[in-house]
$ cat upload-v3.txt   # compact mmCIF, C-alpha atoms and all ligand atoms
# COMPACT_ATOMS: atom_id res chain seq x y z
CA ALA A 221 37.34 99.68 60.85
CA ARG A 222 39.88 98.34 58.39
CA PRO A 223 40.40 94.62 58.76
CA VAL A 224 43.89 93.53 59.77
CA VAL A 225 45.76 90.76 57.95
CA ALA A 226 48.93 89.49 59.61
CA VAL A 227 51.69 87.83 57.58
CA VAL A 228 53.44 85.24 59.72
CA GLY A 229 55.97 82.47 59.19
CA ARG A 230 59.58 81.50 59.73
CA PRO A 231 62.40 83.88 58.85
CA ASN A 232 63.39 83.84 55.16
CA VAL A 233 60.22 82.24 53.80
CA GLY A 234 59.42 85.44 51.88
CA LYS A 235 56.94 87.30 54.11
CA SER A 236 58.33 90.75 53.36
CA THR A 237 58.64 89.97 49.65
CA LEU A 238 54.97 88.97 49.69
CA VAL A 239 54.02 92.16 51.55
CA ASN A 240 55.82 94.26 48.93
CA ARG A 241 54.12 92.31 46.16
CA ILE A 242 50.69 92.97 47.69
CA LEU A 243 51.49 96.65 48.28
CA GLY A 244 52.86 97.03 44.76
CA ARG A 245 55.83 98.89 46.20
CA ARG A 246 59.00 98.09 48.10
CA GLU A 247 58.45 99.15 51.68
CA ALA A 248 58.99 96.00 53.68
CA VAL A 249 62.65 95.15 54.19
CA VAL A 250 63.71 92.00 52.34
CA GLU A 251 66.74 90.22 53.77
CA ASP A 252 68.80 87.40 52.35
CA VAL A 253 69.97 86.62 55.87
CA PRO A 254 67.20 85.85 58.37
CA GLY A 255 67.06 87.32 61.81
CA VAL A 256 67.54 91.07 61.52
CA THR A 257 65.65 92.55 64.45
CA ARG A 258 62.62 94.50 63.35
CA ASP A 259 59.30 95.33 64.87
CA ARG A 260 55.98 94.43 63.37
CA VAL A 261 55.17 96.91 60.64
CA ALA A 262 51.68 97.78 59.45
CA TYR A 263 50.90 98.99 55.94
CA ASP A 264 47.77 100.27 54.22
CA ALA A 265 46.87 97.79 51.50
CA GLU A 266 44.08 97.38 48.97
CA TRP A 267 42.87 94.51 46.82
CA THR A 268 39.91 94.48 44.45
CA GLY A 269 38.61 97.68 45.98
CA ARG A 270 38.84 96.55 49.59
CA ASP A 271 41.07 98.31 52.06
CA PHE A 272 42.87 96.43 54.80
CA THR A 273 45.91 96.75 57.03
CA LEU A 274 48.73 94.36 56.25
CA VAL A 275 51.10 93.52 59.10
CA ASP A 276 54.57 92.20 58.28
CA THR A 277 56.31 90.36 61.09
CA GLY A 278 59.95 89.54 61.64
CA GLY A 279 61.04 91.27 64.82
CA TRP A 280 62.98 88.43 66.33
CA GLU A 281 66.65 87.62 66.71
CA VAL A 282 68.22 84.43 65.55
CA ASP A 283 68.97 82.48 68.67
CA ALA A 284 69.87 78.89 68.00
CA THR A 285 68.49 77.79 71.34
CA GLY A 286 65.21 79.61 71.16
CA ILE A 287 64.28 80.35 67.60
CA HIS A 288 61.17 78.19 67.59
CA LEU A 289 59.91 79.97 70.67
CA ARG A 290 60.76 83.42 69.34
CA VAL A 291 59.04 82.85 66.01
CA ALA A 292 56.00 81.55 67.80
CA GLU A 293 55.90 84.51 70.21
CA GLN A 294 56.18 87.04 67.43
CA ALA A 295 53.51 85.35 65.41
CA GLU A 296 51.28 85.08 68.45
CA VAL A 297 51.17 88.84 69.06
CA ALA A 298 50.49 89.61 65.41
CA VAL A 299 47.80 86.95 65.22
CA GLU A 300 46.11 88.27 68.35
CA LEU A 301 45.67 91.66 66.66
CA ALA A 302 44.63 90.24 63.29
CA ASP A 303 41.28 89.41 61.71
CA ALA A 304 42.92 86.92 59.36
CA VAL A 305 46.35 85.43 58.85
CA LEU A 306 48.50 84.78 55.81
CA PHE A 307 50.73 81.93 56.99
CA VAL A 308 53.76 81.71 54.72
CA VAL A 309 55.74 78.50 54.28
CA ASP A 310 58.70 77.96 51.94
CA ALA A 311 57.40 75.23 49.63
CA THR A 312 60.92 74.44 48.45
CA VAL A 313 61.91 73.56 52.03
CA GLY A 314 58.65 71.99 53.15
CA ALA A 315 57.07 72.05 56.60
CA THR A 316 59.64 72.32 59.41
CA ASP A 317 59.25 71.89 63.17
CA THR A 318 59.02 75.67 63.46
CA ASP A 319 56.19 75.73 60.93
CA GLU A 320 54.40 73.06 62.98
CA ALA A 321 54.85 75.18 66.12
CA VAL A 322 53.23 78.15 64.39
CA VAL A 323 50.38 75.95 63.16
CA LYS A 324 49.63 75.02 66.76
CA LEU A 325 49.18 78.59 67.87
CA LEU A 326 47.22 79.46 64.74
CA ARG A 327 44.78 76.70 65.60
CA LYS A 328 44.55 77.92 69.17
CA SER A 329 43.81 81.47 67.98
CA GLY A 330 40.75 80.36 66.03
CA LYS A 331 41.58 83.05 63.44
CA PRO A 332 41.00 82.28 59.77
CA VAL A 333 44.25 81.25 58.07
CA VAL A 334 45.21 81.22 54.41
CA LEU A 335 48.23 78.97 53.82
CA ILE A 336 50.75 80.41 51.37
CA ALA A 337 53.14 77.92 49.76
CA ASN A 338 55.76 80.45 48.70
CA LYS A 339 58.71 80.20 46.29
CA VAL A 340 56.64 78.27 43.77
CA ASP A 341 58.39 80.06 40.91
CA ASP A 342 57.49 77.49 38.26
CA ASN A 343 55.33 74.43 37.55
CA ARG A 344 58.03 72.06 38.81
CA THR A 345 57.52 73.35 42.35
CA GLU A 346 53.71 72.91 42.34
CA ALA A 347 54.09 69.40 43.80
CA ASP A 348 56.07 70.85 46.73
CA ALA A 349 53.15 73.15 47.45
CA ALA A 350 50.72 70.22 47.50
CA MET A 351 52.86 68.55 50.21
CA LEU A 352 51.73 71.31 52.58
CA TRP A 353 48.23 69.87 52.77
CA SER A 354 49.90 67.86 55.55
CA LEU A 355 49.83 70.93 57.82
CA GLY A 356 46.09 70.49 58.17
CA LEU A 357 45.28 74.11 57.32
CA GLY A 358 43.41 73.29 54.16
CA GLN A 359 44.40 74.25 50.65
CA PRO A 360 47.96 75.53 50.22
CA TYR A 361 47.99 78.45 47.77
CA PRO A 362 51.03 78.16 45.51
CA VAL A 363 52.63 81.60 45.26
CA SER A 364 55.81 83.18 43.99
CA ALA A 365 56.06 86.39 45.95
CA MET A 366 59.14 87.18 43.91
CA HIS A 367 57.44 86.92 40.52
CA GLY A 368 53.83 87.60 41.51
CA ARG A 369 52.56 84.18 40.55
CA GLY A 370 49.42 83.10 42.43
CA THR A 371 49.18 86.13 44.71
CA GLY A 372 45.79 87.18 43.33
CA ASP A 373 44.13 83.87 44.21
CA ALA A 374 45.66 83.95 47.70
CA LEU A 375 44.40 87.50 48.28
CA ASP A 376 40.93 86.58 47.03
CA ALA A 377 40.98 83.76 49.59
CA VAL A 378 41.95 86.02 52.47
CA LEU A 379 39.38 88.67 51.59
CA ALA A 380 36.74 85.96 51.43
CA VAL A 381 37.30 85.17 55.12
CA LEU A 382 37.31 88.80 56.33
P1 LIG B 1 61.07 86.98 55.35
O1 LIG B 1 62.23 86.81 56.27
O2 LIG B 1 60.07 85.88 55.53
O3 LIG B 1 60.45 88.33 55.38
O4 LIG B 1 61.66 86.74 53.86
P2 LIG B 1 62.12 87.83 52.77
O5 LIG B 1 60.94 88.43 52.11
O6 LIG B 1 63.10 88.77 53.40
O7 LIG B 1 62.82 86.88 51.70
C1 LIG B 1 63.89 86.01 52.06
C2 LIG B 1 64.62 85.58 50.81
O8 LIG B 1 63.75 84.76 50.02
C3 LIG B 1 65.05 86.74 49.92
O9 LIG B 1 66.31 86.42 49.36
C4 LIG B 1 63.98 86.77 48.86
O10 LIG B 1 64.42 87.33 47.64
C5 LIG B 1 63.64 85.28 48.70
N1 LIG B 1 62.28 85.05 48.19
C6 LIG B 1 61.14 85.58 48.66
N2 LIG B 1 60.08 85.17 47.93
C7 LIG B 1 60.55 84.35 46.98
C8 LIG B 1 59.94 83.60 45.90
O11 LIG B 1 58.74 83.62 45.65
N3 LIG B 1 60.78 82.83 45.15
C9 LIG B 1 62.11 82.78 45.37
N4 LIG B 1 62.85 82.00 44.58
N5 LIG B 1 62.72 83.48 46.36
C10 LIG B 1 61.96 84.26 47.15
MG MG B 2 60.79 89.97 56.56

$ encode --input "upload-v3.txt" --output "structure tokens" --more "lines below"
Ligand code: GDP
Ligand code: MG
Amino acid sequence: ARPVVAVVGRPNVGKSTLVNRILGRREAVVEDVPGVTRDRVAYDAEWTGRDFTLVDTGGWEVDATGIHLRVAEQAEVAVELADAVLFVVDATVGATDTDEAVVKLLRKSGKPVVLIANKVDDNRTEADAAMLWSLGLGQPYPVSAMHGRGTGDALDAVLAVL
């Protein structure tokens, strides 16, 4: 069976942009405003000759009172179905409480996680990526989903754990 890789993280960190970058086409919906309700969407993906299913997440509503919970719930379902997880954090923002909440459930899942430090568009932002070692998920992979920087190394890392 094709392995399943789930892309999880807070709204607006660039999950769908990363999915499109990996697919090499624009299928996942990219939003400047977080919180548009969408279901999990699965795509057929391929990297270095290996086929896998890539699951974009983002089917939650912005709810000021419950956003942490909603992000965590959404991520939890996707993670349950996944063989490995691409956990996306916005390196320019740094780790938030919501990110920490997702880390907790990722740990609980026992699934292999590759930490993506996204929005590292240039060398200046590399130091921001390094700050994410603090999440305790190992090496943060600096990536610019928008420009394609670093995505190859991150994909190599996820395929290595499948
Ligand atoms: P999602 O909610 O996590 O799926 O995030 P989206 O993929 O919809 O992206 C949210 C916003 O971040 C959009 O305006 C994207 O253009 C922007 N974005 C995504 N990746 C990058 C990146 O690598 N660098 C920069 N500068 N912006 C990005
Ligand atoms: Mg999205």

$ closest_residue --input "upload-v3.txt" --among "A:Val249, A:Ala302, A:Met351, A:Leu274" --to "ligand LIG 1 (chain B)" --atoms "all atoms listed in the file"
A:Val249

$ closest_residue --input "upload-v3.txt" --among "A:Ala311, A:Val340, A:Val225, A:Leu355" --to "ligand LIG 1 (chain B)" --atoms "only C-alpha atoms and all ligand atoms"
A:Val340

$ closest_atom_pairs --input "upload-v3.txt" --of "chain A" --to "ligand LIG 1 (chain B)" --cutoff "8 Å" --atoms "only C-alpha atoms and all ligand atoms" --output "CSV"
residue,atom,partner,partner_atom,distance
A:Val228,CA,B:LIG1,O2,7.9
A:Gly229,CA,B:LIG1,O2,6.5
A:Arg230,CA,B:LIG1,O2,6.1
A:Pro231,CA,B:LIG1,O1,3.9
A:Asn232,CA,B:LIG1,O1,3.4
A:Val233,CA,B:LIG1,O2,4.0
A:Gly234,CA,B:LIG1,O4,3.3
A:Lys235,CA,B:LIG1,O2,3.7
A:Ser236,CA,B:LIG1,O5,3.7
A:Thr237,CA,B:LIG1,O5,3.7
A:Leu238,CA,B:LIG1,O5,6.5
A:Val239,CA,B:LIG1,O5,7.9
A:Ala248,CA,B:LIG1,O5,8.0
A:Val249,CA,B:LIG1,O6,6.4
A:Val250,CA,B:LIG1,O6,3.5
A:Glu251,CA,B:LIG1,O6,3.9
A:Asp252,CA,B:LIG1,O9,4.0
A:Val253,CA,B:LIG1,C1,7.2
A:Pro254,CA,B:LIG1,O1,5.5
A:Gly255,CA,B:LIG1,O1,7.4
A:Asp276,CA,B:LIG1,O3,7.6
A:Thr277,CA,B:LIG1,O3,7.3
A:Gly278,CA,B:LIG1,O3,6.4
A:Val308,CA,B:LIG1,O2,7.6
A:Asn338,CA,B:LIG1,O11,5.3
A:Lys339,CA,B:LIG1,O11,3.5
A:Val340,CA,B:LIG1,O11,6.0
A:Asp341,CA,B:LIG1,N3,5.6
A:Val363,CA,B:LIG1,O11,6.4
A:Ser364,CA,B:LIG1,O11,3.4
A:Ala365,CA,B:LIG1,O11,3.9
A:Met366,CA,B:LIG1,O11,4.0
A:His367,CA,B:LIG1,O11,6.2
A:Gly368,CA,B:LIG1,O11,7.6

$ closest_residue --input "upload-v3.txt" --among "A:Thr312, A:Val275, A:Leu352, A:Glu296" --to "Ser329 (chain A)" --atoms "only C-alpha atoms"
A:Glu296

$ residues_near_point --input "upload-v3.txt" --point "(49.1, 82.7, 60.2)" --cutoff "8 Å" --atoms "only C-alpha atoms" --output "list in words"
Ala226, Val227, Val228, Gly229, Ala295, Val299, Ala304, Val305, Leu306, Phe307, Val308, Val322, Val323, Leu326, Val333, Val334 and Leu335 of chain A

$ write_last_selection --input "upload-v3.txt" --atoms "C-alpha atoms" --output "mmCIF file, keeping the file's coordinate frame"
data_model
loop_
_atom_site.group_PDB
_atom_site.id
_atom_site.type_symbol
_atom_site.label_atom_id
_atom_site.label_comp_id
_atom_site.auth_asym_id
_atom_site.auth_seq_id
_atom_site.Cartn_x
_atom_site.Cartn_y
_atom_site.Cartn_z
ATOM 1 C CA ALA A 226 48.930 89.490 59.610
ATOM 2 C CA VAL A 227 51.690 87.830 57.580
ATOM 3 C CA VAL A 228 53.440 85.240 59.720
ATOM 4 C CA GLY A 229 55.970 82.470 59.190
ATOM 5 C CA ALA A 295 53.510 85.350 65.410
ATOM 6 C CA VAL A 299 47.800 86.950 65.220
ATOM 7 C CA ALA A 304 42.920 86.920 59.360
ATOM 8 C CA VAL A 305 46.350 85.430 58.850
ATOM 9 C CA LEU A 306 48.500 84.780 55.810
ATOM 10 C CA PHE A 307 50.730 81.930 56.990
ATOM 11 C CA VAL A 308 53.760 81.710 54.720
ATOM 12 C CA VAL A 322 53.230 78.150 64.390
ATOM 13 C CA VAL A 323 50.380 75.950 63.160
ATOM 14 C CA LEU A 326 47.220 79.460 64.740
ATOM 15 C CA VAL A 333 44.250 81.250 58.070
ATOM 16 C CA VAL A 334 45.210 81.220 54.410
ATOM 17 C CA LEU A 335 48.230 78.970 53.820
#

$ atom_distance --input "upload-v3.txt" --atom1 "CA of Pro362 (chain A)" --atom2 "CA of Ala374 (chain A)"
8.2 Å

$ atom_distance --input "upload-v3.txt" --atom1 "CA of Arg369 (chain A)" --atom2 "CA of Val261 (chain A)"
23.9 Å

$ residues_near_point --input "upload-v3.txt" --point "(44.6, 97.4, 53.4)" --cutoff "10 Å" --atoms "all atoms listed in the file" --output "ChimeraX atom specification"
/A:222-225,242-243,262-267,269-275

$ atom_distance --input "upload-v3.txt" --atom1 "CA of Lys324 (chain A)" --atom2 "CA of Ile336 (chain A)"
16.3 Å

$ closest_residue --input "upload-v3.txt" --among "A:Asp376, A:Asp319, A:Gly314, A:Gly370" --to "Ala347 (chain A)" --atoms "only C-alpha atoms"
A:Gly314

$ closest_residue --input "upload-v3.txt" --among "A:Arg246, A:Ala380, A:Asp310, A:Ala221" --to "Glu346 (chain A)" --atoms "all atoms listed in the file"
A:Asp310

$ residues_around --input "upload-v3.txt" --residues "Gly356 (chain A)" --least-positions-apart "2" --cutoff "10 Å" --atoms "all atoms listed in the file" --output "list in words"
Glu320, Val323, Arg327, Leu335, Leu352, Trp353, Ser354, Gly358, Gln359 and Pro360 of chain A

$ build_atoms --input "upload-v3.txt" --residues "region 311-337 of chain A" --atoms "N, CA and C atoms" --output "PDB file, keeping the file's coordinate frame"
ATOM      1  N   ALA A 311      57.770  76.523  50.226  1.00  0.00           N
ATOM      2  CA  ALA A 311      57.400  75.230  49.630  1.00  0.00           C
ATOM      3  C   ALA A 311      58.630  74.434  49.191  1.00  0.00           C
ATOM      4  N   THR A 312      59.721  75.139  48.916  1.00  0.00           N
ATOM      5  CA  THR A 312      60.920  74.440  48.450  1.00  0.00           C
ATOM      6  C   THR A 312      61.651  73.750  49.610  1.00  0.00           C
ATOM      7  N   VAL A 313      61.330  74.180  50.828  1.00  0.00           N
ATOM      8  CA  VAL A 313      61.910  73.560  52.030  1.00  0.00           C
ATOM      9  C   VAL A 313      60.945  72.527  52.610  1.00  0.00           C
ATOM     10  N   GLY A 314      59.663  72.862  52.540  1.00  0.00           N
ATOM     11  CA  GLY A 314      58.650  71.990  53.150  1.00  0.00           C
ATOM     12  C   GLY A 314      58.389  72.413  54.590  1.00  0.00           C
ATOM     13  N   ALA A 315      57.467  71.711  55.234  1.00  0.00           N
ATOM     14  CA  ALA A 315      57.070  72.050  56.600  1.00  0.00           C
ATOM     15  C   ALA A 315      58.164  71.644  57.583  1.00  0.00           C
ATOM     16  N   THR A 316      58.622  72.593  58.385  1.00  0.00           N
ATOM     17  CA  THR A 316      59.640  72.320  59.410  1.00  0.00           C
ATOM     18  C   THR A 316      58.975  72.258  60.781  1.00  0.00           C
ATOM     19  N   ASP A 317      59.763  71.912  61.793  1.00  0.00           N
ATOM     20  CA  ASP A 317      59.250  71.890  63.170  1.00  0.00           C
ATOM     21  C   ASP A 317      58.746  73.271  63.577  1.00  0.00           C
ATOM     22  N   THR A 318      59.445  74.305  63.125  1.00  0.00           N
ATOM     23  CA  THR A 318      59.020  75.670  63.460  1.00  0.00           C
ATOM     24  C   THR A 318      57.668  75.970  62.839  1.00  0.00           C
ATOM     25  N   ASP A 319      57.489  75.545  61.582  1.00  0.00           N
ATOM     26  CA  ASP A 319      56.190  75.730  60.930  1.00  0.00           C
ATOM     27  C   ASP A 319      55.093  75.035  61.744  1.00  0.00           C
ATOM     28  N   GLU A 320      55.385  73.824  62.199  1.00  0.00           N
ATOM     29  CA  GLU A 320      54.400  73.060  62.980  1.00  0.00           C
ATOM     30  C   GLU A 320      54.059  73.803  64.277  1.00  0.00           C
ATOM     31  N   ALA A 321      55.076  74.427  64.875  1.00  0.00           N
ATOM     32  CA  ALA A 321      54.850  75.180  66.120  1.00  0.00           C
ATOM     33  C   ALA A 321      53.906  76.353  65.861  1.00  0.00           C
ATOM     34  N   VAL A 322      54.098  77.020  64.730  1.00  0.00           N
ATOM     35  CA  VAL A 322      53.230  78.150  64.390  1.00  0.00           C
ATOM     36  C   VAL A 322      51.809  77.650  64.116  1.00  0.00           C
ATOM     37  N   VAL A 323      51.702  76.520  63.447  1.00  0.00           N
ATOM     38  CA  VAL A 323      50.380  75.950  63.160  1.00  0.00           C
ATOM     39  C   VAL A 323      49.592  75.742  64.452  1.00  0.00           C
ATOM     40  N   LYS A 324      50.295  75.272  65.474  1.00  0.00           N
ATOM     41  CA  LYS A 324      49.630  75.020  66.760  1.00  0.00           C
ATOM     42  C   LYS A 324      48.993  76.282  67.314  1.00  0.00           C
ATOM     43  N   LEU A 325      49.751  77.368  67.292  1.00  0.00           N
ATOM     44  CA  LEU A 325      49.180  78.590  67.870  1.00  0.00           C
ATOM     45  C   LEU A 325      48.127  79.196  66.956  1.00  0.00           C
ATOM     46  N   LEU A 326      48.261  78.967  65.654  1.00  0.00           N
ATOM     47  CA  LEU A 326      47.220  79.460  64.740  1.00  0.00           C
ATOM     48  C   LEU A 326      45.896  78.757  65.030  1.00  0.00           C
ATOM     49  N   ARG A 327      45.988  77.475  65.254  1.00  0.00           N
ATOM     50  CA  ARG A 327      44.780  76.700  65.600  1.00  0.00           C
ATOM     51  C   ARG A 327      44.154  77.229  66.870  1.00  0.00           C
ATOM     52  N   LYS A 328      45.016  77.461  67.864  1.00  0.00           N
ATOM     53  CA  LYS A 328      44.550  77.920  69.170  1.00  0.00           C
ATOM     54  C   LYS A 328      43.849  79.270  69.045  1.00  0.00           C
ATOM     55  N   SER A 329      44.348  80.109  68.139  1.00  0.00           N
ATOM     56  CA  SER A 329      43.810  81.470  67.980  1.00  0.00           C
ATOM     57  C   SER A 329      42.391  81.448  67.427  1.00  0.00           C
ATOM     58  N   GLY A 330      42.064  80.412  66.666  1.00  0.00           N
ATOM     59  CA  GLY A 330      40.750  80.360  66.030  1.00  0.00           C
ATOM     60  C   GLY A 330      40.596  81.345  64.886  1.00  0.00           C
ATOM     61  N   LYS A 331      41.656  82.078  64.533  1.00  0.00           N
ATOM     62  CA  LYS A 331      41.580  83.050  63.440  1.00  0.00           C
ATOM     63  C   LYS A 331      41.616  82.327  62.093  1.00  0.00           C
ATOM     64  N   PRO A 332      40.919  82.889  61.095  1.00  0.00           N
ATOM     65  CA  PRO A 332      41.000  82.280  59.770  1.00  0.00           C
ATOM     66  C   PRO A 332      42.414  82.396  59.194  1.00  0.00           C
ATOM     67  N   VAL A 333      42.881  81.313  58.598  1.00  0.00           N
ATOM     68  CA  VAL A 333      44.250  81.250  58.070  1.00  0.00           C
ATOM     69  C   VAL A 333      44.219  80.877  56.593  1.00  0.00           C
ATOM     70  N   VAL A 334      44.967  81.608  55.793  1.00  0.00           N
ATOM     71  CA  VAL A 334      45.210  81.220  54.410  1.00  0.00           C
ATOM     72  C   VAL A 334      46.676  80.793  54.326  1.00  0.00           C
ATOM     73  N   LEU A 335      46.879  79.556  53.874  1.00  0.00           N
ATOM     74  CA  LEU A 335      48.230  78.970  53.820  1.00  0.00           C
ATOM     75  C   LEU A 335      48.888  79.299  52.482  1.00  0.00           C
ATOM     76  N   ILE A 336      50.003  80.025  52.566  1.00  0.00           N
ATOM     77  CA  ILE A 336      50.750  80.410  51.370  1.00  0.00           C
ATOM     78  C   ILE A 336      51.952  79.482  51.208  1.00  0.00           C
ATOM     79  N   ALA A 337      51.984  78.733  50.103  1.00  0.00           N
ATOM     80  CA  ALA A 337      53.140  77.920  49.760  1.00  0.00           C
ATOM     81  C   ALA A 337      54.021  78.774  48.861  1.00  0.00           C
TER      82      ALA A 337
END
